[in-house]
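First the structure, in the form of structure tokens, and then the observations on it.
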Amino acid sequence: MRLQYPSNINIIKLPCTGKIDLIHLLRSFEKGADGVYVVGCLEGACQFTSGNIRARKRVEQAQEILEKIGIGGERVRMFNLSSSEAPHFVQVAVEMTEKIRDMGPNPIKTAMQKAA
Amino acid sequence: MSAKTPSRLEKILDSGHLAVTSECGPPRGSDPEAITKKAEMIKDHVDAINITDNQTSVTRLSSLAACIHLKLMGIEPTLQMVVRDRNRIALQSDILGAASFDINNVLCLSGDHQMFGDSPQGQNVFDLDSMQLIQTVRLMRDEGKFLGGDDIKRPPKMFVGAAANPFADPFEIRVPRLAKKIAAGVEFIQTQCIYNLDKFELWMKQVRDRGLHEKVYILAGVTPFKSAGMAKYMKNRVPGMDVPDEVVKRMAGVPKEKQPQEGIDICIETIQRLKECEGVRGFHVMAIEWEEKVPEIVEQSGLYPRPEDL
Amino acid sequence: MIVADKKPIEEIIEMVKGYRKILILGCNECVTVCEAGGKKEVAVLASALRMYFMNEGTKIEMDEITLERQCDHEYLEEIRNSMDQYDAVVSLACGVGVQFMAEKYFGSPIYPGVNTCFMGVTEERGVWSERCQGCGQCILDRTAGICPISRCAKRLLNGPCGGSTKGKCEISKDLDCAWQIIIDRLKELDRLDDYEEIAPIKDWSTERAGGPRKVVREDVRQ
């Protein structure tokens, strides 16, 4: 559909969001990502039955950890949509980008710069 | 069954009279008057007074100390002992302590779990269970021996009781459980308070079918409701309690000021009906924090005066 | 297996905050099965701690190793040559492993990363429950295979108590009454008459009460 979405987003494709492990989410932040979001199929429509459910739980775990260590739980989020919902995909991208802009950069980056 | 101890309660039961017992809860402090006053109120209307042992796991003045106060007043106490808080050393020791004051009745209980009370973070003991405590008291009395095997100087002369709950689950073992306690050596039973008379009479029938009513003295437990609220609370919030809907309805169907009297009336009717129940050898009237009503209940049930000259 | 649960990260942060180089040491057995201290959990903890300290502006290095077990000499020896470089170790093994590490590496601070809970089963992924308390004198032959010591809140050997309600324990609707299960099994096995046998007073000297325990097998000792 050639819709535009914010250019600050790095897309990593997977066969199923169930492939994502908690450590992948955390490592992204460790390496300086300001925000991470997971886009999975609508619940009940997962090709592999419950991959997206597992992903949701892992995202929730990541949120809890990030909140506890002072990075901010809201930097990671999960969205569910079907692959035919292109406008929704754009909306999510915009929403997430704005959210992260509001929250500011990953505090680790600032802290690492200070320490250097 | 002939009396084996100096217990007044045992003598009354042995002579064929219906026995009446009641209970008092010790205070959450060290003022003995909190117990002695309650005991004064009811002493002429009962044959023995149970003193609860840190009931519902709420720390109170000890049952043994309160029993001693009663004994010094000339009142017959029943020492309730739970196995939750004391190991076998302490249990045997307290039995000897009670016996040294010639306290002759003991009720062997498990005890409510400590999470219900004021010390949910505390340890519990359960070195023995209530069944094994019954065996222990009988061993100490009849063979004059400690559990460890040594001889006891001046063995305790305790009349041994336990509780039975015809309303707890699973129903199918409630009679076998009574049989088990009898095999362990129990001599009298006080039941959980009865509101479901049909279920109780069914239990009693099964008890009689096995001849157990002739091997143990069963005292039916009764408690007067103070209010419809109390009836509902006991129905819904107290484990092992069976309060039929009709009873709650009856309490709720009466204006608030009249509810206490209704509760007492239900209690008296229960006693009157159970007097006719073969195997019921007495009544255990539990009116916690309402001890002043015990005399009325006993009198209106035709159980006053209590037998003298045994 | 031994079931453990992750310690809150705040507790672990408190333990390690003074150090420069730490080893997060996992275990490939029980704590892996209950998803508390295996390789995955080691990686997650290390990442989270790194980020926390980076955010604080503190430099801490975290290494990640997972041993097969931490309760046998051979496995703990595998890290003998690298231990010197670490200021401290956070062991995600059960309490057994943490202690064995502390005994073997007597001069190194070793910290527990999990709370060790009980010996139990996996009811389903994410739910583990207690089955055995290691009393040292198994009575399961007499209780139809259900243990009243570990599953009855009052460890009654002649239960149930008067608080058993609809098959649940008086302390929680989520807890089965062990004696209800025992009775159900006795019925199923046509052994309900066994219920009336009085279980004797237990010898607790083989349990914790008798002091820390040891099993010595002269027949296999070298």
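Lettering and numbering for the structure tokens are positional, with chains as A, B, ... in the shown order, residues counted from 1 in each chain, and ligands counted from 1 in the shown order.
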
Any chance you could list, as a ChimeraX atom specification, the residues in chain A that come up alpha helix (DSSP H) when DSSP is run on the backbone? /A:22-30,51-68,86-103,107-115

Determine, counting only C-alpha atoms, which protein, DNA and RNA residues have an atom within 12 Å of an atom of Lys235 of chain B; residues of the same chain fewer than 2 positions away are not included. Present the result as a ChimeraX atom specification. /B:167,193-196,225,228-233,237-249

Could you write out that same residue set with N, CA and C atoms as a JSON list (two decimals), in the first residue's frame?
```json
[["chain", "number", "residue", "atom", "x", "y", "z"],
["B", 167, "PHE", "N", -20.16, -32.77, 61.07],
["B", 167, "PHE", "CA", -20.50, -31.96, 59.91],
["B", 167, "PHE", "C", -19.32, -31.65, 59.00],
["B", 193, "CYS", "N", -20.85, -27.55, 67.42],
["B", 193, "CYS", "CA", -22.23, -27.15, 67.70],
["B", 193, "CYS", "C", -23.18, -27.53, 66.56],
["B", 194, "ILE", "N", -24.37, -27.96, 66.98],
["B", 194, "ILE", "CA", -25.32, -28.62, 66.08],
["B", 194, "ILE", "C", -26.44, -27.68, 65.69],
["B", 195, "TYR", "N", -26.63, -27.51, 64.41],
["B", 195, "TYR", "CA", -27.80, -26.79, 63.90],
["B", 195, "TYR", "C", -28.58, -27.66, 62.93],
["B", 196, "ASN", "N", -27.83, -28.56, 62.27],
["B", 196, "ASN", "CA", -28.46, -29.46, 61.31],
["B", 196, "ASN", "C", -28.80, -30.75, 62.04],
["B", 225, "PHE", "N", -27.38, -18.58, 68.77],
["B", 225, "PHE", "CA", -27.06, -17.44, 67.90],
["B", 225, "PHE", "C", -27.49, -16.15, 68.59],
["B", 228, "ALA", "N", -28.95, -12.74, 63.53],
["B", 228, "ALA", "CA", -28.97, -13.38, 62.21],
["B", 228, "ALA", "C", -27.60, -13.26, 61.56],
["B", 229, "GLY", "N", -26.94, -12.14, 61.85],
["B", 229, "GLY", "CA", -25.60, -11.93, 61.31],
["B", 229, "GLY", "C", -24.63, -13.00, 61.75],
["B", 230, "MET", "N", -24.75, -13.37, 63.02],
["B", 230, "MET", "CA", -23.87, -14.42, 63.54],
["B", 230, "MET", "C", -24.18, -15.74, 62.84],
["B", 231, "ALA", "N", -25.46, -16.01, 62.61],
["B", 231, "ALA", "CA", -25.84, -17.26, 61.93],
["B", 231, "ALA", "C", -25.25, -17.31, 60.54],
["B", 232, "LYS", "N", -25.34, -16.18, 59.84],
["B", 232, "LYS", "CA", -24.80, -16.13, 58.47],
["B", 232, "LYS", "C", -23.29, -16.29, 58.48],
["B", 233, "TYR", "N", -22.64, -15.64, 59.42],
["B", 233, "TYR", "CA", -21.19, -15.72, 59.53],
["B", 233, "TYR", "C", -20.75, -17.15, 59.76],
["B", 237, "ARG", "N", -18.50, -18.63, 56.98],
["B", 237, "ARG", "CA", -17.09, -18.33, 57.21],
["B", 237, "ARG", "C", -16.38, -19.29, 58.16],
["B", 238, "VAL", "N", -17.12, -20.16, 58.79],
["B", 238, "VAL", "CA", -16.44, -21.03, 59.75],
["B", 238, "VAL", "C", -16.32, -22.44, 59.18],
["B", 239, "PRO", "N", -15.10, -22.93, 58.99],
["B", 239, "PRO", "CA", -14.95, -24.27, 58.41],
["B", 239, "PRO", "C", -15.55, -25.33, 59.30],
["B", 240, "GLY", "N", -16.15, -26.34, 58.68],
["B", 240, "GLY", "CA", -16.68, -27.46, 59.46],
["B", 240, "GLY", "C", -17.99, -27.16, 60.16],
["B", 241, "MET", "N", -18.65, -26.08, 59.79],
["B", 241, "MET", "CA", -19.91, -25.71, 60.45],
["B", 241, "MET", "C", -21.05, -25.92, 59.47],
["B", 242, "ASP", "N", -22.14, -26.52, 59.92],
["B", 242, "ASP", "CA", -23.28, -26.76, 59.04],
["B", 242, "ASP", "C", -24.50, -26.03, 59.60],
["B", 243, "VAL", "N", -24.86, -24.92, 59.01],
["B", 243, "VAL", "CA", -26.04, -24.18, 59.45],
["B", 243, "VAL", "C", -27.05, -24.20, 58.31],
["B", 244, "PRO", "N", -28.15, -24.95, 58.47],
["B", 244, "PRO", "CA", -29.12, -25.04, 57.37],
["B", 244, "PRO", "C", -29.77, -23.69, 57.08],
["B", 245, "ASP", "N", -30.20, -23.52, 55.85],
["B", 245, "ASP", "CA", -30.83, -22.26, 55.43],
["B", 245, "ASP", "C", -32.04, -21.91, 56.29],
["B", 246, "GLU", "N", -32.83, -22.95, 56.68],
["B", 246, "GLU", "CA", -34.06, -22.66, 57.45],
["B", 246, "GLU", "C", -33.73, -21.98, 58.77],
["B", 247, "VAL", "N", -32.61, -22.38, 59.34],
["B", 247, "VAL", "CA", -32.23, -21.80, 60.64],
["B", 247, "VAL", "C", -31.86, -20.33, 60.46],
["B", 248, "VAL", "N", -31.09, -20.05, 59.41],
["B", 248, "VAL", "CA", -30.71, -18.66, 59.13],
["B", 248, "VAL", "C", -31.97, -17.84, 58.86],
["B", 249, "LYS", "N", -32.88, -18.44, 58.05],
["B", 249, "LYS", "CA", -34.13, -17.73, 57.71],
["B", 249, "LYS", "C", -34.92, -17.43, 58.98]]
```

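Using only C-alpha atoms, the shortest contact distance between chain A and any of C:Leu25, C:Leu45, C:Val216, C:Ala4 is found at C:Leu45.
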
How close does chain A get to chain C? List, as a tab-separated table, each residue of chain A within 10 Å, its nearest atom pair and the distance in Å to one decimal, counting only C-alpha atoms.
```
residue	atom	partner	partner_atom	distance
A:Asp21	CA	C:Lys40	CA	9.0
A:Leu22	CA	C:Val44	CA	7.1
A:Ile23	CA	C:Val44	CA	5.5
A:His24	CA	C:Val44	CA	9.2
A:Leu25	CA	C:Val44	CA	9.7
A:Leu26	CA	C:Ser47	CA	6.5
A:Arg27	CA	C:Ser47	CA	6.6
A:Ser28	CA	C:Ser47	CA	10.0
A:Phe29	CA	C:Met51	CA	7.9
A:Glu30	CA	C:Met51	CA	5.9
A:Lys31	CA	C:Met51	CA	9.3
A:Gly32	CA	C:Met51	CA	9.8
A:Ala62	CA	C:Val44	CA	9.4
A:Ile65	CA	C:Ala48	CA	7.0
A:Leu66	CA	C:Ala48	CA	7.6
A:Lys68	CA	C:Glu10	CA	7.7
A:Ile69	CA	C:Tyr52	CA	5.0
A:Gly70	CA	C:Tyr52	CA	6.9
A:Ile71	CA	C:Asn55	CA	7.7
A:Asn106	CA	C:Asn55	CA	9.1
A:Pro107	CA	C:Asn55	CA	6.2
A:Ile108	CA	C:Asn55	CA	4.8
A:Lys109	CA	C:Asn55	CA	8.1
A:Thr110	CA	C:Asn55	CA	8.1
A:Ala111	CA	C:Asn55	CA	5.5
A:Met112	CA	C:Met54	CA	6.6
A:Gln113	CA	C:Gly57	CA	9.4
A:Lys114	CA	C:Gly57	CA	7.6
A:Ala115	CA	C:Gly57	CA	6.2
A:Ala116	CA	C:Gly57	CA	9.7
```

Would you give me, as a PDB file with N, CA and C atoms, in the first residue's frame, the residues of chain C that come within 7 Å of chain B, using only C-alpha atoms?
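Dumped everything to result-v2.pdb:
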```
ATOM      1  N   LYS C 154      -1.198 -29.484  58.965  1.00  0.00           N
ATOM      2  CA  LYS C 154      -0.910 -29.780  60.362  1.00  0.00           C
ATOM      3  C   LYS C 154      -0.130 -31.080  60.502  1.00  0.00           C
ATOM      4  N   ARG C 155       0.341 -31.594  59.395  1.00  0.00           N
ATOM      5  CA  ARG C 155       1.031 -32.892  59.316  1.00  0.00           C
ATOM      6  C   ARG C 155       0.414 -33.947  60.251  1.00  0.00           C
ATOM      7  N   LEU C 156      -0.914 -34.048  60.189  1.00  0.00           N
ATOM      8  CA  LEU C 156      -1.603 -35.025  61.035  1.00  0.00           C
ATOM      9  C   LEU C 156      -1.416 -36.412  60.449  1.00  0.00           C
ATOM     10  N   LEU C 157      -1.020 -37.341  61.299  1.00  0.00           N
ATOM     11  CA  LEU C 157      -0.858 -38.710  60.817  1.00  0.00           C
ATOM     12  C   LEU C 157      -2.163 -39.482  60.933  1.00  0.00           C
ATOM     13  N   ASN C 158      -3.113 -38.911  61.685  1.00  0.00           N
ATOM     14  CA  ASN C 158      -4.428 -39.519  61.822  1.00  0.00           C
ATOM     15  C   ASN C 158      -5.476 -38.457  61.536  1.00  0.00           C
ATOM     16  N   CYS C 161      -8.574 -33.170  60.133  1.00  0.00           N
ATOM     17  CA  CYS C 161      -9.043 -32.399  61.273  1.00  0.00           C
ATOM     18  C   CYS C 161     -10.463 -31.929  60.963  1.00  0.00           C
ATOM     19  N   GLY C 162     -11.065 -31.220  61.901  1.00  0.00           N
ATOM     20  CA  GLY C 162     -12.443 -30.782  61.701  1.00  0.00           C
ATOM     21  C   GLY C 162     -12.585 -29.621  60.744  1.00  0.00           C
ATOM     22  N   GLY C 163     -11.495 -29.147  60.211  1.00  0.00           N
ATOM     23  CA  GLY C 163     -11.573 -27.988  59.334  1.00  0.00           C
ATOM     24  C   GLY C 163     -11.626 -28.322  57.858  1.00  0.00           C
ATOM     25  N   SER C 164     -11.536 -29.618  57.541  1.00  0.00           N
ATOM     26  CA  SER C 164     -11.553 -30.033  56.136  1.00  0.00           C
ATOM     27  C   SER C 164     -12.922 -29.740  55.539  1.00  0.00           C
ATOM     28  N   THR C 165     -12.939 -28.960  54.450  1.00  0.00           N
ATOM     29  CA  THR C 165     -14.215 -28.550  53.861  1.00  0.00           C
ATOM     30  C   THR C 165     -14.217 -28.812  52.365  1.00  0.00           C
ATOM     31  N   LYS C 166     -15.130 -29.654  51.906  1.00  0.00           N
ATOM     32  CA  LYS C 166     -15.289 -29.968  50.482  1.00  0.00           C
ATOM     33  C   LYS C 166     -13.943 -30.319  49.834  1.00  0.00           C
ATOM     34  N   GLY C 167     -13.172 -31.091  50.542  1.00  0.00           N
ATOM     35  CA  GLY C 167     -11.908 -31.555  49.977  1.00  0.00           C
ATOM     36  C   GLY C 167     -10.786 -30.544  50.033  1.00  0.00           C
ATOM     37  N   GLU C 170      -8.435 -26.132  55.594  1.00  0.00           N
ATOM     38  CA  GLU C 170      -9.032 -24.954  56.229  1.00  0.00           C
ATOM     39  C   GLU C 170      -8.232 -23.690  55.981  1.00  0.00           C
ATOM     40  N   GLN C 180      -8.390 -35.919  52.575  1.00  0.00           N
ATOM     41  CA  GLN C 180      -9.462 -36.212  51.618  1.00  0.00           C
ATOM     42  C   GLN C 180      -8.904 -37.059  50.485  1.00  0.00           C
ATOM     43  N   GLU C 196      -8.994 -46.951  59.781  1.00  0.00           N
ATOM     44  CA  GLU C 196      -9.135 -47.031  61.228  1.00  0.00           C
ATOM     45  C   GLU C 196      -7.894 -47.488  61.967  1.00  0.00           C
ATOM     46  N   ILE C 198      -4.642 -46.897  63.720  1.00  0.00           N
ATOM     47  CA  ILE C 198      -4.080 -45.677  64.294  1.00  0.00           C
ATOM     48  C   ILE C 198      -2.603 -45.584  63.933  1.00  0.00           C
ATOM     49  N   ILE C 201       2.862 -42.702  66.921  1.00  0.00           N
ATOM     50  CA  ILE C 201       3.595 -41.454  67.094  1.00  0.00           C
ATOM     51  C   ILE C 201       4.883 -41.525  66.284  1.00  0.00           C
TER      52      ILE C 201
END
```

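For segment 142-147 of chain C, the set of protein, DNA and RNA residues having any atom at most 7 Å away, when counting only C-alpha atoms and skipping those fewer than 5 positions along the same chain, is Ile182, Arg185 and Leu186 of chain C.
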
Those same residues - C-alpha atoms - I'd like them written as a CSV table (one decimal), in the first residue's frame.
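Saved as part_11.csv:
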```
chain,number,residue,atom,x,y,z
C,182,ILE,CA,-5.8,-40.3,51.1
C,185,ARG,CA,-7.4,-43.3,47.2
C,186,LEU,CA,-8.1,-45.8,50.0
```

List the spatial neighbours of segment 37-45 of chain B as JSON, numbers by chain - criterion: any atom at most 10 Å away, only C-alpha atoms, same-chain residues fewer than 6 positions off excluded. {"B": [20, 21, 22, 23, 24, 25, 26, 51, 69, 70, 73, 74, 75, 76, 77, 288, 289, 290, 291, 292, 293, 294, 295, 296, 297, 298, 299, 303, 304, 305, 306, 307]}

Convert the current residue selection to file output with N, CA and C atoms, as a tab-separated table (two decimals), in the first residue's frame.
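Result file follows (result12.tsv):
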```
chain	number	residue	atom	x	y	z
B	20	VAL	N	-23.85	-31.71	81.75
B	20	VAL	CA	-23.84	-30.40	81.10
B	20	VAL	C	-22.46	-29.79	81.29
B	21	THR	N	-21.83	-29.42	80.19
B	21	THR	CA	-20.56	-28.72	80.28
B	21	THR	C	-20.68	-27.42	79.50
B	22	SER	N	-19.77	-26.51	79.79
B	22	SER	CA	-19.75	-25.27	79.03
B	22	SER	C	-18.31	-24.88	78.82
B	23	GLU	N	-18.07	-23.73	78.19
B	23	GLU	CA	-16.68	-23.33	78.03
B	23	GLU	C	-16.48	-21.84	78.20
B	24	CYS	N	-15.26	-21.51	78.61
B	24	CYS	CA	-14.88	-20.11	78.76
B	24	CYS	C	-13.58	-19.87	78.02
B	25	GLY	N	-13.49	-18.73	77.38
B	25	GLY	CA	-12.24	-18.38	76.72
B	25	GLY	C	-11.44	-17.45	77.61
B	26	PRO	N	-10.16	-17.75	77.86
B	26	PRO	CA	-9.34	-16.87	78.68
B	26	PRO	C	-9.12	-15.50	78.03
B	51	ILE	N	-11.79	-24.91	79.39
B	51	ILE	CA	-11.04	-23.68	79.15
B	51	ILE	C	-10.31	-23.88	77.83
B	69	HIS	N	-6.93	-21.55	88.22
B	69	HIS	CA	-7.76	-20.54	88.89
B	69	HIS	C	-9.13	-21.12	89.23
B	70	LEU	N	-9.72	-21.83	88.26
B	70	LEU	CA	-11.04	-22.43	88.49
B	70	LEU	C	-10.99	-23.45	89.61
B	73	MET	N	-11.08	-22.16	92.90
B	73	MET	CA	-12.40	-21.64	93.30
B	73	MET	C	-13.36	-22.79	93.62
B	74	GLY	N	-12.89	-24.00	93.48
B	74	GLY	CA	-13.76	-25.15	93.72
B	74	GLY	C	-14.62	-25.54	92.53
B	75	ILE	N	-14.24	-25.05	91.35
B	75	ILE	CA	-15.00	-25.36	90.13
B	75	ILE	C	-14.24	-26.42	89.34
B	76	GLU	N	-14.99	-27.34	88.71
B	76	GLU	CA	-14.35	-28.42	87.95
B	76	GLU	C	-13.98	-27.95	86.54
B	77	PRO	N	-12.68	-27.91	86.22
B	77	PRO	CA	-12.30	-27.46	84.88
B	77	PRO	C	-12.04	-28.65	83.95
B	288	ILE	N	-19.79	-18.47	73.88
B	288	ILE	CA	-18.61	-17.63	74.05
B	288	ILE	C	-19.00	-16.15	74.06
B	289	GLU	N	-18.52	-15.43	75.04
B	289	GLU	CA	-18.82	-14.01	75.24
B	289	GLU	C	-20.31	-13.77	75.48
B	290	TRP	N	-21.02	-14.82	75.82
B	290	TRP	CA	-22.43	-14.69	76.15
B	290	TRP	C	-22.76	-15.66	77.28
B	291	GLU	N	-21.74	-15.83	78.13
B	291	GLU	CA	-21.84	-16.84	79.19
B	291	GLU	C	-23.04	-16.60	80.10
B	292	GLU	N	-23.49	-15.34	80.19
B	292	GLU	CA	-24.60	-15.05	81.11
B	292	GLU	C	-25.89	-15.75	80.71
B	293	LYS	N	-25.95	-16.23	79.46
B	293	LYS	CA	-27.17	-16.91	79.01
B	293	LYS	C	-27.17	-18.40	79.32
B	294	VAL	N	-26.03	-18.92	79.73
B	294	VAL	CA	-25.95	-20.36	79.98
B	294	VAL	C	-26.94	-20.82	81.05
B	295	PRO	N	-27.02	-20.11	82.18
B	295	PRO	CA	-28.00	-20.56	83.19
B	295	PRO	C	-29.41	-20.67	82.62
B	296	GLU	N	-29.82	-19.66	81.86
B	296	GLU	CA	-31.19	-19.68	81.29
B	296	GLU	C	-31.38	-20.89	80.37
B	297	ILE	N	-30.38	-21.12	79.53
B	297	ILE	CA	-30.49	-22.25	78.60
B	297	ILE	C	-30.60	-23.57	79.36
B	298	VAL	N	-29.76	-23.73	80.36
B	298	VAL	CA	-29.76	-24.98	81.13
B	298	VAL	C	-31.09	-25.16	81.86
B	299	GLU	N	-31.56	-24.06	82.46
B	299	GLU	CA	-32.83	-24.15	83.20
B	299	GLU	C	-34.00	-24.45	82.27
B	303	LEU	N	-32.58	-28.97	82.66
B	303	LEU	CA	-31.36	-29.64	83.12
B	303	LEU	C	-30.84	-29.05	84.43
B	304	TYR	N	-31.70	-28.29	85.09
B	304	TYR	CA	-31.29	-27.66	86.36
B	304	TYR	C	-32.22	-28.16	87.46
B	305	PRO	N	-31.78	-28.44	88.66
B	305	PRO	CA	-30.40	-28.29	89.14
B	305	PRO	C	-29.49	-29.45	88.73
B	306	ARG	N	-28.21	-29.24	88.84
B	306	ARG	CA	-27.25	-30.27	88.49
B	306	ARG	C	-27.20	-31.29	89.64
B	307	PRO	N	-26.90	-32.55	89.33
B	307	PRO	CA	-26.88	-33.58	90.39
B	307	PRO	C	-25.84	-33.28	91.46
```

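For the choices A:Ala55, A:Val36, A:Ile11, A:Ala86, the atom-to-atom distance to Gly72 of chain A is smallest for A:Val36 when using only C-alpha atoms.
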
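Residues within 8 Å of Gly113 of chain C, counting only C-alpha atoms and excluding same-chain residues fewer than 3 positions away, are C:Lys6, C:Lys7, C:Ile12, C:Gly37, C:Val90, C:Ser91, C:Leu92, C:Ala93.
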
Between atom CA of Phe188 of chain B and atom CA of Gly161 of chain B, what is the distance, to one decimal in Å? 4.5 Å

Using only C-alpha atoms, which protein or nucleic acid residues come within 12 Å of Ile2 of chain C? Drop anything in the same chain fewer than 5 positions from it, and give the result as a JSON list (two decimals) with C-alpha atoms, in the first residue's frame.
```json
[["chain", "number", "residue", "atom", "x", "y", "z"],
["C", 27, "CYS", "CA", 22.44, -24.85, 37.32],
["C", 29, "GLU", "CA", 18.95, -29.35, 36.72],
["C", 30, "CYS", "CA", 16.05, -28.60, 39.09],
["C", 31, "VAL", "CA", 16.21, -24.82, 38.87],
["C", 32, "THR", "CA", 16.20, -25.07, 35.10],
["C", 33, "VAL", "CA", 13.01, -27.14, 35.16],
["C", 34, "CYS", "CA", 11.28, -24.69, 37.44],
["C", 35, "GLU", "CA", 12.60, -21.81, 35.32],
["C", 36, "ALA", "CA", 14.32, -20.05, 38.19],
["C", 37, "GLY", "CA", 18.05, -20.55, 37.76],
["C", 93, "ALA", "CA", 21.30, -22.97, 42.17],
["C", 94, "CYS", "CA", 19.15, -24.12, 45.04],
["C", 95, "GLY", "CA", 20.41, -23.56, 48.58],
["C", 96, "VAL", "CA", 22.38, -26.77, 48.31],
["C", 97, "GLY", "CA", 24.47, -25.48, 45.41],
["C", 114, "VAL", "CA", 16.85, -17.84, 44.21],
["C", 115, "ASN", "CA", 14.69, -18.76, 47.18],
["C", 116, "THR", "CA", 14.69, -22.52, 47.58],
["C", 117, "CYS", "CA", 11.22, -23.68, 48.45],
["C", 118, "PHE", "CA", 10.50, -27.40, 48.58],
["C", 119, "MET", "CA", 10.69, -30.83, 46.95],
["C", 120, "GLY", "CA", 7.80, -31.06, 44.58],
["C", 121, "VAL", "CA", 6.21, -31.73, 41.22],
["C", 122, "THR", "CA", 5.36, -29.76, 38.13],
["C", 128, "TRP", "CA", 4.83, -26.35, 41.16],
["C", 129, "SER", "CA", 3.65, -27.82, 44.42],
["C", 130, "GLU", "CA", 5.17, -29.51, 47.43],
["C", 131, "ARG", "CA", 5.17, -33.26, 47.86],
["C", 132, "CYS", "CA", 7.98, -34.29, 50.18],
["C", 133, "GLN", "CA", 9.58, -32.97, 53.32],
["C", 134, "GLY", "CA", 12.31, -35.51, 53.67]]
```

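Non-sequential neighbours of Arg20 of chain C (distance at most 7 Å, separation of 5 or more positions within a chain, only C-alpha atoms) are C:Lys59, C:Ile60, C:Glu61, C:Asp87.
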
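Listed by chain and then by rising number, the residues of segment 55-262 of chain B that DSSP assigns to strand (DSSP E) from the backbone are Pro77, Thr78, Leu79, Gln80, Met81, Val82, Asn105, Val106, Leu107, Cys108, Leu109, Phe159, Val160, Gly161, Ala162, Ala163, Ala164, Phe188, Ile189, Gln190, Thr191, Gln192, Cys193, Tyr217, Ile218, Leu219, Ala220, Gly221 and Val222 of chain B.
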